[in-house]
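S.K.: Below you'll find the structure I mean.
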Amino acid sequence: MILQTIIETFPDIQILEREPLSKYTNTKTGGPADYLAFPKTVEQASQLLDWANQQEMPLTVVGNASNLIVRDGGIRGLTVILTKMKEIQVTGNQVVAEAGAALIQTTEVAYQACLTGIEFAAGIPGSVGGAVFMNAGAYGGEISEVVSEAKILTRQGQIRTLTNHELDFGYRHSSIQDYDDIVLSATFNLKSGDAEKIRSRMDELNRLRASKQPLEYPSCGSVFKRPTGYFTGKLIHESGLQGFQIGGAQVSQKHAGFIINVGGATATDYLNVIHHVQNTVFEKFGVHLQTEVRIIGEK
């Protein structure tokens with residue numbers, strides 16, 4: 001009955017019921033979403049939020065579900081995936097990308113326009129919205145260094161534009177996390193550069209990533225934040241945890257900061273491995289590893 005109502009209310013939006021989120025997460029794990037919607041425009045995303053608010057139905061945005069673990073119980077209410085909101089435009093030295101655009105694709109568009117400054121993100125598998133939400137970074141660069149502003153949708157249904165200062169970026173943090181706002185698009189301020197040098201740097205970073213990270217397996221990327229004064233991978237390695245496995249979830253032998261799905265893993269397997277790693281590292285070094293990956297959903 002509710003599904004029919006949503007479909008009739010939003011005939012131009014793809015809506016699925018009891019859809020396994022394991023089909024969309026990078027870990028290939030996660031329970032079902034009660035209702036899963038794929039808006040294609042800012043207007044559709046705003047309309048979905050307004051409707052959910054009117055129905056007093058929880059609404060969860062998962063971006064492209066890359067740096068995410070959805071518990072096996074799934075997500076109640078309405079879940080929104082923004083991957084159909086993926087337009088990227090270049091104006092002068094600015095690249096404006098919608099939240100669902102792949103960060104990798106955004107770096108390619110910048111390269112094609114001979115714009116430099118975002119090469120560090122060439123291999124980050126997340127979406128633009130997720131990258132702004134968590135201030136994604138790699139190889140010495142962070143999103144905070146290149147984003148001038150972001151358009152967001154507040155939970156009250158207001159569309160606002162936040163400056164870099166208002167986004168209050170920190171290590172794997174932005175103000176969007178504090179208020180649970182929804183990123184709609186981001187503007188990147190870049191500089192004119194030499195196409196050959198830009199391509200060379202992107203290729204170099206992608207080679208480094210492929211040589212050091214277990215890209216051949218499903219994973220949520222780097223699981224833990226870097227504790228001050230330590231290297232996460234080194235702590236995990238020196239705790240003898242590489243290769244540790246519960247069910248189908250394993251601490252990668254190639255990169256200790258990754259937990260990979262070697263086959264048939266559940267979200268519960270992932271979480272159990274995470275907890276074991278946290279407990280072991282704390283017992284050995286007195287360091288509490290905080291998760292970088294976002295964990296949502298019901299048990």
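Chain labels run A, B, ... following the order of the structure tokens; each chain numbers its residues from 1, and ligands are numbered from 1 in the order shown.
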Would you give me, as an MDAnalysis selection string, the residues in stretch 107-185 of chain A that DSSP reads as helix (DSSP H, G or I)?

M.R.: chainID A and resid 107:112 119:121 128:134 143:145 164:167 175:179

S.K.: Write out as a ChimeraX atom specification each polymer residue whose atoms come within 9 Å of stretch 10-20 of chain A, counting only C-alpha atoms; drop sequence neighbours fewer than 5 positions from it.

M.R.: /A:3,5,29-40,44,47-48,74

S.K.: A:Cys220, A:Leu82, A:Ala52, A:Ile69: which is nearest A:Thr266, counting only C-alpha atoms?

M.R.: A:Ile69

S.K.: Any idea what's packed within 6 Å of A:Ala138, counting only C-alpha atoms, ignoring anything in its chain fewer than 2 positions away? Could you give it as a PyMOL selection string?

M.R.: chain A and resi 120+140-141

S.K.: Hey, could you make a per-residue contact list for stretch 163-276 of chain A against stretch 121-125 of chain A with 8 Å as the cut-off, showing the nearest pair of atoms and its distance in Å to one decimal, counting only C-alpha atoms, sorted by chain and number, as a Markdown table?

M.R.:
```
| residue | atom | partner | partner_atom | distance |
| --- | --- | --- | --- | --- |
| A:Met202 | CA | A:Ala122 | CA | 5.8 |
| A:Leu205 | CA | A:Ala122 | CA | 7.4 |
| A:Asn206 | CA | A:Gly123 | CA | 5.8 |
| A:Arg209 | CA | A:Gly123 | CA | 7.3 |
```

S.K.: Excluding stretch 145-155 of chain A and its own-chain neighbours fewer than 3 positions away, which residues fall within 10 Å of it when counting only C-alpha atoms? Please give them as a PyMOL selection string.

M.R.: chain A and resi 42+45-46+49-50+53+59+94-99+116-118+129+132-133+135+137+141-142+158-167+169+176+179-191

S.K.: Which residue, A:Ala195, A:Ile259, A:Ile143, A:Ala131, has the smallest gap to A:Glu108 when you use only C-alpha atoms?

M.R.: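 Of A:Ala195, A:Ile259, A:Ile143, A:Ala131, the one nearest A:Glu108, counting only C-alpha atoms, is A:Ala195.
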
S.K.: Which residue gives the smallest distance to A:Asn67 among A:Met134, A:Val287, A:Gln4, A:Tyr217, with only C-alpha atoms counted?

M.R.: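 Residue with the minimum atom-to-atom distance to A:Asn67: A:Met134.
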
S.K.: Find the residue from A:Ser22, A:Arg71, A:Asn261, A:Gly221 that sits nearest to A:Lys299; use only C-alpha atoms when measuring.

M.R.: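 Selected residue with least distance to A:Lys299: A:Arg71.
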
S.K.: Using DSSP on the backbone, list every residue of stretch 63-128 of chain A that comes out as strand (DSSP E or B), and give them as a ChimeraX atom specification.

M.R.: /A:63,68-70,74-81,88-91,94-98,102,115-116,127

S.K.: What lies within 8 Å of A:Gln242 using only C-alpha atoms, ignoring chain neighbours under 4 positions off, as a list in words?

M.R.: Ile236, His237, Gln250, Val251, Ser252, Gln253 and Ala256 of chain A

S.K.: Taking into account only C-alpha atoms, which residue in the set A:Thr9, A:Gln89, A:Asn279, A:Thr228 is nearest to A:Ala113?

M.R.: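 Closest candidate: A:Gln89.
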
S.K.: A:Tyr111, A:Gly77, A:Ser175, A:Arg294: which is nearest A:Val90, counting only C-alpha atoms?

M.R.: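 The shortest atom-to-atom distance to A:Val90 comes from A:Tyr111.
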
S.K.: Distance atom CA of A:Asn26-atom CA of A:Ala267, one decimal place?

M.R.: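 That distance, rounded to one decimal, is 11.5 Å.
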
S.K.: For atom CA of A:Ala65 and atom CA of A:Tyr230, determine how far apart the two atoms are, in Å to one decimal place.

M.R.: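 Between atom CA of A:Ala65 and atom CA of A:Tyr230 the gap is 27.8 Å.
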